[in-house]
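Asker: CSV, C-alpha atoms, file run_37.csv:
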chain,number,residue,atom,x,y,z
A,29,MET,CA,62.1,41.7,5.6
A,30,LYS,CA,63.2,38.5,7.2
A,31,ILE,CA,62.6,37.8,10.9
A,32,ASN,CA,65.0,35.4,12.5
A,33,ASN,CA,64.3,32.9,15.3
A,34,GLN,CA,66.0,35.1,17.9
A,35,ALA,CA,63.5,37.9,17.2
A,36,VAL,CA,60.6,35.5,17.7
A,37,ASN,CA,62.2,34.2,20.9
A,38,ARG,CA,62.6,37.7,22.2
A,39,LEU,CA,59.0,38.6,21.5
A,40,LEU,CA,57.8,35.4,23.1
A,41,LYS,CA,60.0,35.9,26.1
A,42,THR,CA,58.7,39.4,26.6
A,43,LEU,CA,55.1,38.5,26.2
A,44,ALA,CA,55.2,35.4,28.5
A,45,PRO,CA,55.3,37.5,31.8
A,46,VAL,CA,52.7,39.8,30.3
A,47,TYR,CA,50.4,36.9,29.8
A,48,LYS,CA,51.1,35.5,33.3
A,49,SER,CA,50.5,38.9,34.9
A,50,ALA,CA,47.0,39.1,33.4
A,51,ASP,CA,44.2,39.1,35.9
A,52,THR,CA,43.1,35.5,36.2
A,53,ASP,CA,41.3,35.9,39.5
A,54,PRO,CA,37.9,34.2,39.1
A,55,GLY,CA,36.2,36.6,41.5
A,56,GLN,CA,33.0,36.5,39.6
A,57,LEU,CA,32.3,32.8,40.5
A,58,GLY,CA,30.4,33.8,43.6
A,59,PHE,CA,27.4,32.6,45.5
A,60,LYS,CA,24.9,33.5,42.7
A,61,TRP,CA,26.9,31.7,40.1
A,62,GLN,CA,27.1,28.6,42.3
A,63,GLN,CA,23.3,28.7,43.0
A,64,ASP,CA,22.7,28.8,39.2
A,65,VAL,CA,25.0,25.8,38.6
A,66,MET,CA,23.4,23.8,41.4
A,67,ARG,CA,19.9,24.6,40.1
A,68,ARG,CA,20.8,23.2,36.8
A,69,ILE,CA,22.5,20.2,38.4
A,70,ARG,CA,19.4,19.5,40.5
A,71,GLN,CA,17.2,19.5,37.4
A,72,MET,CA,19.4,16.9,35.8
A,73,GLU,CA,19.2,13.1,36.4
A,74,PRO,CA,21.9,11.6,38.6
A,75,PRO,CA,25.1,10.6,36.6
A,76,GLN,CA,24.3,7.5,34.6
A,77,GLY,CA,25.1,4.1,35.9
A,78,GLN,CA,26.1,5.5,39.3
A,79,ALA,CA,22.7,5.7,41.0
A,80,SER,CA,22.0,3.2,43.8
A,81,PHE,CA,20.0,0.1,43.1
A,82,PHE,CA,16.9,1.5,44.8
A,83,GLN,CA,17.1,4.7,42.8
A,84,ALA,CA,17.5,2.8,39.5
A,85,VAL,CA,14.5,0.6,40.3
A,86,SER,CA,12.3,3.5,41.3
A,87,ARG,CA,13.3,5.4,38.2
A,88,ALA,CA,12.5,2.4,36.0
A,89,ALA,CA,9.2,1.9,37.8
A,90,TRP,CA,8.2,5.6,37.2
A,91,LYS,CA,9.0,5.2,33.5
A,92,LEU,CA,6.8,2.1,33.4
A,93,VAL,CA,3.8,3.8,35.0
A,94,PRO,CA,2.1,5.0,31.7
A,95,VAL,CA,2.6,1.6,30.1
A,96,THR,CA,1.2,-0.2,33.1
A,97,ALA,CA,-1.8,2.1,33.2
A,98,GLY,CA,-2.5,1.5,29.5
A,99,LEU,CA,-2.2,-2.2,29.9
A,100,ALA,CA,-4.6,-2.2,32.9
A,101,ILE,CA,-7.2,-0.3,30.9
A,102,VAL,CA,-6.9,-2.7,27.9
A,103,PHE,CA,-7.2,-5.8,30.1
A,104,GLY,CA,-10.1,-4.2,32.1
A,105,VAL,CA,-12.1,-3.6,28.9
A,106,ALA,CA,-11.2,-7.0,27.6
A,107,ALA,CA,-12.3,-8.7,30.8
A,108,LEU,CA,-15.6,-6.9,30.8
A,109,ASN,CA,-16.4,-8.1,27.2
A,110,PHE,CA,-14.8,-11.5,27.6
A,111,ASP,CA,-17.2,-14.5,27.5
A,112,VAL,CA,-16.0,-16.6,30.4
A,113,VAL,CA,-17.5,-19.8,29.0
A,114,SER,CA,-15.9,-20.6,25.7
A,115,GLU,CA,-18.0,-22.0,22.8
A,116,TRP,CA,-16.3,-25.4,22.8
A,117,GLN,CA,-17.2,-25.7,26.5
A,118,ALA,CA,-20.8,-24.9,25.7
A,119,LEU,CA,-20.9,-27.5,22.9
A,120,ASP,CA,-19.3,-30.1,25.1
A,121,LEU,CA,-21.9,-29.5,27.7
A,122,MET,CA,-24.7,-29.7,25.2
A,123,ALA,CA,-23.4,-33.0,23.9
A,124,SER,CA,-23.3,-34.5,27.4
A,125,VAL,CA,-26.4,-32.9,29.0
A,126,THR,CA,-29.7,-34.3,28.0
A,127,ASP,CA,-31.7,-31.8,30.1
A,128,THR,CA,-32.3,-28.9,27.7
A,129,VAL,CA,-33.7,-26.7,30.4
A,130,ALA,CA,-30.5,-27.2,32.5
A,131,TYR,CA,-28.4,-26.4,29.5
A,132,LEU,CA,-30.3,-23.2,28.7
A,133,ASP,CA,-30.0,-22.2,32.4
A,134,PHE,CA,-26.3,-22.7,32.2
A,135,LEU,CA,-26.0,-20.5,29.1
A,136,GLN,CA,-27.8,-17.7,30.9
B,15,MET,CA,54.9,22.5,74.0
B,16,PRO,CA,54.1,20.5,70.9
B,17,ASN,CA,55.4,21.6,67.5
B,18,LEU,CA,52.2,22.7,65.8
B,19,THR,CA,53.8,23.1,62.4
B,20,GLY,CA,54.9,19.5,62.6
B,21,ILE,CA,51.5,18.3,63.7
B,22,SER,CA,49.8,20.2,61.0
B,23,GLU,CA,52.2,18.8,58.4
B,24,LEU,CA,51.6,15.3,59.7
B,25,TYR,CA,47.8,15.9,59.6
B,26,MET,CA,48.1,17.2,56.0
B,27,SER,CA,50.2,14.2,54.9
B,28,LEU,CA,47.7,11.8,56.5
B,29,HIS,CA,44.6,13.7,55.5
B,30,LYS,CA,45.1,14.8,51.9
B,31,PRO,CA,42.3,16.9,50.2
B,32,GLU,CA,42.4,14.3,47.4
B,33,ASP,CA,41.3,11.6,49.8
B,34,ASP,CA,38.3,13.8,50.9
B,35,ASP,CA,37.5,14.4,47.2
B,36,GLN,CA,37.3,10.7,46.6
B,37,GLU,CA,34.8,10.3,49.4
B,38,ILE,CA,32.8,13.3,48.2
B,39,VAL,CA,32.9,12.0,44.6
B,40,ARG,CA,31.6,8.6,45.9
B,41,GLN,CA,28.6,10.3,47.6
B,42,ALA,CA,27.9,12.6,44.6
B,43,CYS,CA,28.0,9.5,42.3
B,44,SER,CA,25.1,8.1,44.3
B,45,GLY,CA,23.0,11.2,43.5
B,46,ASP,CA,23.8,13.3,46.5
B,47,THR,CA,23.8,16.8,45.1
B,48,ASN,CA,24.9,18.4,48.4
B,49,ALA,CA,28.1,16.4,48.2
B,50,PHE,CA,28.5,17.7,44.6
B,51,GLU,CA,28.1,21.3,45.9
B,52,LYS,CA,30.9,20.7,48.3
B,53,LEU,CA,33.1,19.6,45.4
B,54,LEU,CA,32.0,22.7,43.5
B,55,THR,CA,32.9,25.0,46.4
B,56,ARG,CA,36.3,23.4,46.7
B,57,HIS,CA,37.3,23.5,43.1
B,58,LYS,CA,35.5,26.5,41.5
B,59,ARG,CA,38.5,28.8,42.0
B,60,HIS,CA,40.8,26.3,40.3
B,61,VAL,CA,38.4,26.1,37.3
B,62,GLY,CA,37.8,29.8,37.2
B,63,ALA,CA,41.5,30.7,37.2
B,64,ILE,CA,42.2,28.3,34.3
B,65,ALA,CA,39.3,29.7,32.3
B,66,ALA,CA,40.2,33.3,33.1
B,67,ALA,CA,43.7,32.6,31.6
B,68,HIS,CA,42.3,31.4,28.3
B,69,VAL,CA,39.0,33.2,27.6
B,70,PRO,CA,37.7,36.8,27.9
B,71,ALA,CA,36.5,37.7,31.5
B,72,SER,CA,32.9,37.9,30.3
B,73,GLN,CA,33.0,34.3,29.3
B,74,VAL,CA,34.5,32.8,32.5
B,75,GLU,CA,31.2,32.2,34.2
B,76,ASP,CA,29.7,30.3,31.3
B,77,ILE,CA,32.9,28.2,30.7
B,78,ALA,CA,33.1,27.4,34.4
B,79,GLN,CA,29.4,26.4,34.4
B,80,GLU,CA,29.9,24.1,31.4
B,81,VAL,CA,32.9,22.5,33.1
B,82,CYS,CA,30.8,21.9,36.3
B,83,ILE,CA,28.1,20.2,34.3
B,84,LYS,CA,30.7,18.0,32.6
B,85,LEU,CA,32.2,17.3,36.0
B,86,TYR,CA,28.8,16.1,37.2
B,87,LEU,CA,28.2,14.0,34.2
B,88,GLY,CA,31.7,12.6,34.3
B,89,LEU,CA,31.8,11.7,38.0
B,90,SER,CA,32.1,8.0,37.4
B,91,LYS,CA,35.2,8.6,35.3
B,92,ILE,CA,36.8,10.6,38.0
B,93,ARG,CA,35.9,7.9,40.5
B,94,GLU,CA,37.9,5.4,38.4
B,95,LYS,CA,40.8,7.7,37.6
B,96,GLY,CA,41.3,9.4,41.0
B,97,SER,CA,42.8,12.8,40.5
B,98,ILE,CA,40.0,15.4,40.2
B,99,LYS,CA,42.3,18.5,39.8
B,100,GLY,CA,44.1,17.1,36.8
B,101,TRP,CA,40.8,16.0,35.2
B,102,LEU,CA,39.3,19.5,35.8
B,103,ALA,CA,42.3,21.2,34.3
B,104,ALA,CA,42.1,19.2,31.2
B,105,VAL,CA,38.3,19.6,30.8
B,106,THR,CA,38.5,23.4,31.4
B,107,ILE,CA,41.3,23.8,28.8
B,108,ARG,CA,39.3,21.7,26.3
B,109,THR,CA,36.1,23.7,27.0
B,110,CYS,CA,38.1,26.9,26.4
B,111,TYR,CA,39.4,25.5,23.2
B,112,ASP,CA,35.8,24.6,22.1
B,113,PHE,CA,34.8,28.2,22.9
B,114,TRP,CA,37.5,29.6,20.6
B,115,ARG,CA,36.6,27.1,17.8
B,116,LYS,CA,33.0,28.3,18.0
B,117,GLN,CA,34.1,31.9,17.9
B,118,TYR,CA,36.2,31.4,14.9
B,119,ARG,CA,33.5,29.3,13.1
B,120,ARG,CA,31.1,32.2,13.7
B,121,ASN,CA,33.7,34.7,12.6
B,122,GLU,CA,33.3,36.6,15.9
B,123,ILE,CA,36.9,37.4,16.2
B,124,ALA,CA,37.5,41.1,15.8
B,125,GLU,CA,40.2,41.8,13.2
B,126,SER,CA,42.7,43.9,15.0
B,127,SER,CA,45.1,46.3,13.5
B,128,LEU,CA,48.0,47.5,15.6
B,129,THR,CA,48.5,51.2,16.3
B,130,THR,CA,51.8,52.9,15.6
B,131,ASP,CA,52.8,52.7,19.3
B,132,GLN,CA,52.2,49.0,19.4
B,133,ARG,CA,54.1,48.4,16.2
B,134,ASN,CA,57.0,50.5,17.6
B,135,TRP,CA,56.8,48.4,20.8
B,136,ILE,CA,57.2,45.2,18.8
B,137,GLU,CA,60.1,46.7,16.8
B,138,GLN,CA,61.9,47.6,20.1
B,139,VAL,CA,61.4,44.1,21.4
B,140,ILE,CA,62.8,42.3,18.4
B,141,SER,CA,65.6,44.8,18.1
B,142,ASP,CA,67.3,43.4,21.2
B,143,GLU,CA,66.2,45.9,23.9
B,144,THR,CA,65.7,45.0,27.5
B,145,GLY,CA,62.5,43.0,27.5
B,146,GLN,CA,61.8,43.4,31.3
B,147,ARG,CA,61.1,47.2,31.0
B,148,LEU,CA,59.1,46.7,27.8
B,149,ALA,CA,57.0,44.0,29.3
B,150,GLU,CA,55.7,46.5,31.9
B,151,GLN,CA,54.5,48.9,29.3
B,152,ARG,CA,50.8,49.2,28.4
B,153,GLU,CA,51.4,48.3,24.8
B,154,ALA,CA,52.6,44.9,25.9
B,155,ARG,CA,49.2,43.7,26.9
B,156,GLN,CA,47.6,45.2,23.8
B,157,VAL,CA,50.1,43.5,21.5
B,158,LEU,CA,49.6,40.2,23.2
B,159,GLU,CA,45.9,40.4,22.6
B,160,ALA,CA,46.3,41.5,19.0
B,161,VAL,CA,48.9,38.7,18.3
B,162,LEU,CA,46.7,36.0,19.8
B,163,GLN,CA,43.7,37.2,17.8
B,164,LYS,CA,45.7,36.5,14.6
B,165,PHE,CA,46.0,32.8,15.5
B,166,GLY,CA,43.4,30.1,14.9
B,167,PRO,CA,42.0,28.2,17.9
B,168,GLU,CA,44.6,25.4,17.8
B,169,ASP,CA,47.6,27.7,17.4
B,170,ARG,CA,46.2,30.0,20.0
B,171,MET,CA,45.9,27.2,22.6
B,172,VAL,CA,49.3,25.8,21.8
B,173,MET,CA,50.9,29.3,22.0
B,174,GLU,CA,49.3,30.0,25.4
B,175,LEU,CA,50.1,26.6,26.9
B,176,VAL,CA,53.6,26.0,25.6
B,177,TYR,CA,55.1,29.5,25.2
B,178,PHE,CA,53.3,31.6,27.7
B,179,GLN,CA,52.4,29.1,30.5
B,180,GLY,CA,55.5,27.0,30.0
B,181,HIS,CA,53.9,23.5,29.8
B,182,SER,CA,55.9,20.8,28.1
B,183,VAL,CA,54.7,19.2,24.9
B,184,LYS,CA,53.6,16.1,26.8
B,185,GLU,CA,51.7,18.1,29.3
B,186,THR,CA,50.0,20.2,26.6
B,187,ALA,CA,49.1,17.0,24.7
B,188,GLY,CA,47.5,15.6,27.9
B,189,LEU,CA,45.6,18.8,28.6
B,190,LEU,CA,44.2,19.2,25.1
B,191,GLY,CA,43.8,15.4,24.4
B,192,TRP,CA,46.0,15.6,21.4
B,193,SER,CA,49.0,13.5,20.5
B,194,SER,CA,52.5,14.8,21.3
B,195,ALA,CA,53.3,14.8,17.5
B,196,ASN,CA,50.3,17.0,16.9
B,197,VAL,CA,51.3,19.5,19.6
B,198,LYS,CA,54.8,19.7,18.1
B,199,ILE,CA,53.5,20.3,14.6
B,200,ARG,CA,51.1,23.0,15.9
B,201,THR,CA,53.9,24.6,17.9
B,202,PHE,CA,56.1,24.8,14.8
B,203,ARG,CA,53.3,26.2,12.7
B,204,ALA,CA,52.4,28.8,15.3
B,205,ARG,CA,56.0,30.0,15.5
B,206,LYS,CA,56.1,30.2,11.7
B,207,LYS,CA,52.9,32.2,11.7
B,208,LEU,CA,54.3,34.6,14.4
B,209,LYS,CA,57.3,35.1,12.2
B,210,LYS,CA,55.0,36.0,9.3
B,211,ILE,CA,53.0,38.4,11.4
B,212,LEU,CA,56.2,40.1,12.6
B,213,ALA,CA,57.6,40.3,9.1
B,214,ALA,CA,54.3,41.9,7.9
B,215,LEU,CA,54.4,44.4,10.7
B,216,ARG,CA,58.0,45.3,9.9
B,217,GLU,CA,57.1,45.8,6.3
B,218,GLY,CA,54.3,48.1,7.4
B,219,ILE,CA,56.7,50.1,9.6
B,220,ASN,CA,59.3,50.5,6.9
B,221,GLN,CA,56.9,51.5,4.2
Just give me the structure of the file as structure tokens.
Answerer:
Amino acid sequence: MKINNQAVNRLLKTLAPVYKSADTDPGQLGFKWQQDVMRRIRQMEPPQGQASFFQAVSRAAWKLVPVTAGLAIVFGVAALNFDVVSEWQALDLMASVTDTVAYLDFLQ
Amino acid sequence: MPNLTGISELYMSLHKPEDDDQEIVRQACSGDTNAFEKLLTRHKRHVGAIAAAHVPASQVEDIAQEVCIKLYLGLSKIREKGSIKGWLAAVTIRTCYDFWRKQYRRNEIAESSLTTDQRNWIEQVISDETGQRLAEQREARQVLEAVLQKFGPEDRMVMELVYFQGHSVKETAGLLGWSSANVKIRTFRARKKLKKILAALREGINQ
């Protein structure tokens, strides 16, 4: 059976106040709900690009801490094993110094 | 004796809540979560009321929470655009739309079949009887739920916003983030589908 536009309009017109009269009171968004939301918000980082300059720098610094620590260890180990007098300096000295004892002292 | 109404109106005109919002948004943008909580306290009812109109009551808290997180992450956009209420309305509507899309994707929409009373109620409405009296009947709400369940998420949102809440095509397009042409097409399709549903119901009654 065919339904005309008038019938559709009548149904929509009748249902519209029913829809509007539905309970839309958000009563359940109480204190506990707000606390839950704020807990989640506080766990998040501040909105991107909006943090102050100081906050941005401190956040970047904290991110660089592991890298900096790693580099410090590598350089520390390298410095301990590094021969301060390079071989070419030693050869240069040997060529210029005639005193063998002084040269051996220098190497030690 | 000063006219207190006049003074309060003058105060309200000079001191709009939107101005306060801008200041609070500015503070919240710099990472002040207490300022954001003020914003939340001020607008949670607005968000909750919109969500309650579009999703089941059991989902309102989750939808409102999602909107608040989107608000927090989108504070910079609001700071640029200005109006927080309009932004929140659009984001809440879109979050409700996403909720229905997920529900339909998971096939979690209960297939409803109308009772004889509900079918008779529809028959009375489309047979030119006084709608006001019929709208107050218990069947009205049940029919509304059953009809909405038969629509897909897009048609459902369009039906609710255009036909039941009375938004214009342009407003609906703005709220859903669609083009006006898309809203018009959806509205047309939703009406066509409603016609089909009604025809099917009538067939059922007459058989």
Asker: List as a list in words the protein and nucleic acid residues near region 128-134 of chain B, meaning an atom at most 7 Å away when all atoms listed in the file are counted, but skip any in the same chain fewer than 2 places from it.
Answerer: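 Residues near the query, excluding close chain neighbours: Ser126, Ile136, Glu137, Gln138, Glu153, Val157 and Leu215 of chain B.
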Asker: Return the neighbours of chain A among the residues of chain B, cut-off 8 Å, counting only C-alpha atoms, as a PyMOL selection string.
Answerer: chain B and resi 43-45+47+51+54-55+58-59+62-67+74-75+79+82-83+86-90+136+139-142+145-146+148-150+154-155+158+177-179+205+208-210+212-213+216-217
Asker: Would you save the residues from that selection as a short mmCIF file (atom, residue, chain, number, x, y, z; two decimals), in the frame of the given file, using C-alpha atoms?
Answerer:
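Saved as out.cif:
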data_model
loop_
_atom_site.label_atom_id
_atom_site.label_comp_id
_atom_site.auth_asym_id
_atom_site.auth_seq_id
_atom_site.Cartn_x
_atom_site.Cartn_y
_atom_site.Cartn_z
CA CYS B 43 28.00 9.50 42.30
CA SER B 44 25.10 8.10 44.30
CA GLY B 45 23.00 11.20 43.50
CA THR B 47 23.80 16.80 45.10
CA GLU B 51 28.10 21.30 45.90
CA LEU B 54 32.00 22.70 43.50
CA THR B 55 32.90 25.00 46.40
CA LYS B 58 35.50 26.50 41.50
CA ARG B 59 38.50 28.80 42.00
CA GLY B 62 37.80 29.80 37.20
CA ALA B 63 41.50 30.70 37.20
CA ILE B 64 42.20 28.30 34.30
CA ALA B 65 39.30 29.70 32.30
CA ALA B 66 40.20 33.30 33.10
CA ALA B 67 43.70 32.60 31.60
CA VAL B 74 34.50 32.80 32.50
CA GLU B 75 31.20 32.20 34.20
CA GLN B 79 29.40 26.40 34.40
CA CYS B 82 30.80 21.90 36.30
CA ILE B 83 28.10 20.20 34.30
CA TYR B 86 28.80 16.10 37.20
CA LEU B 87 28.20 14.00 34.20
CA GLY B 88 31.70 12.60 34.30
CA LEU B 89 31.80 11.70 38.00
CA SER B 90 32.10 8.00 37.40
CA ILE B 136 57.20 45.20 18.80
CA VAL B 139 61.40 44.10 21.40
CA ILE B 140 62.80 42.30 18.40
CA SER B 141 65.60 44.80 18.10
CA ASP B 142 67.30 43.40 21.20
CA GLY B 145 62.50 43.00 27.50
CA GLN B 146 61.80 43.40 31.30
CA LEU B 148 59.10 46.70 27.80
CA ALA B 149 57.00 44.00 29.30
CA GLU B 150 55.70 46.50 31.90
CA ALA B 154 52.60 44.90 25.90
CA ARG B 155 49.20 43.70 26.90
CA LEU B 158 49.60 40.20 23.20
CA TYR B 177 55.10 29.50 25.20
CA PHE B 178 53.30 31.60 27.70
CA GLN B 179 52.40 29.10 30.50
CA ARG B 205 56.00 30.00 15.50
CA LEU B 208 54.30 34.60 14.40
CA LYS B 209 57.30 35.10 12.20
CA LYS B 210 55.00 36.00 9.30
CA LEU B 212 56.20 40.10 12.60
CA ALA B 213 57.60 40.30 9.10
CA ARG B 216 58.00 45.30 9.90
CA GLU B 217 57.10 45.80 6.30
#
Asker: As an exercise, work out the distance from CA of Glu185 (chain B) to CA of Val105 (chain B) in Å and give it to one decimal place.
Answerer: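 Going from CA of Glu185 (chain B) over to CA of Val105 (chain B) covers 13.6 Å.
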Asker: Just how far from CA of Met173 (chain B) is CA of His57 (chain B), in Å to one decimal?
Answerer: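 CA of Met173 (chain B) lies 25.8 Å from CA of His57 (chain B).
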Asker: List the spatial neighbours of Asp112 (chain B) as an MDAnalysis selection string - criterion: any atom at most 12 Å away, only C-alpha atoms, same-chain residues fewer than 2 positions off excluded.
Answerer: chainID B and resid 65 68:69 77 80:81 105:110 114:119 166:168 170:171 190
Asker: For a test of reading the model, state the distance in Å between CA of Trp101 (chain B) and CA of Leu175 (chain B), rounded to one decimal.
Answerer: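 Value for the CA of Trp101 (chain B)-CA of Leu175 (chain B) distance: 16.4 Å.
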Asker: With only C-alpha atoms as the atoms that count, which of B:Phe113, B:Asp35, B:Trp192, B:Ala78 lies nearest to Ile98 (chain B)?
Answerer: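 With only C-alpha atoms as the atom set, the closest residue is B:Asp35.
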Asker: Which residue, B:Ala103, B:Phe50, B:Ala160, B:Arg203, has the smallest gap to Gly191 (chain B) when you use all atoms listed in the file?
Answerer: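 Using all atoms listed in the file, the shortest distance to Gly191 (chain B) belongs to B:Ala103.
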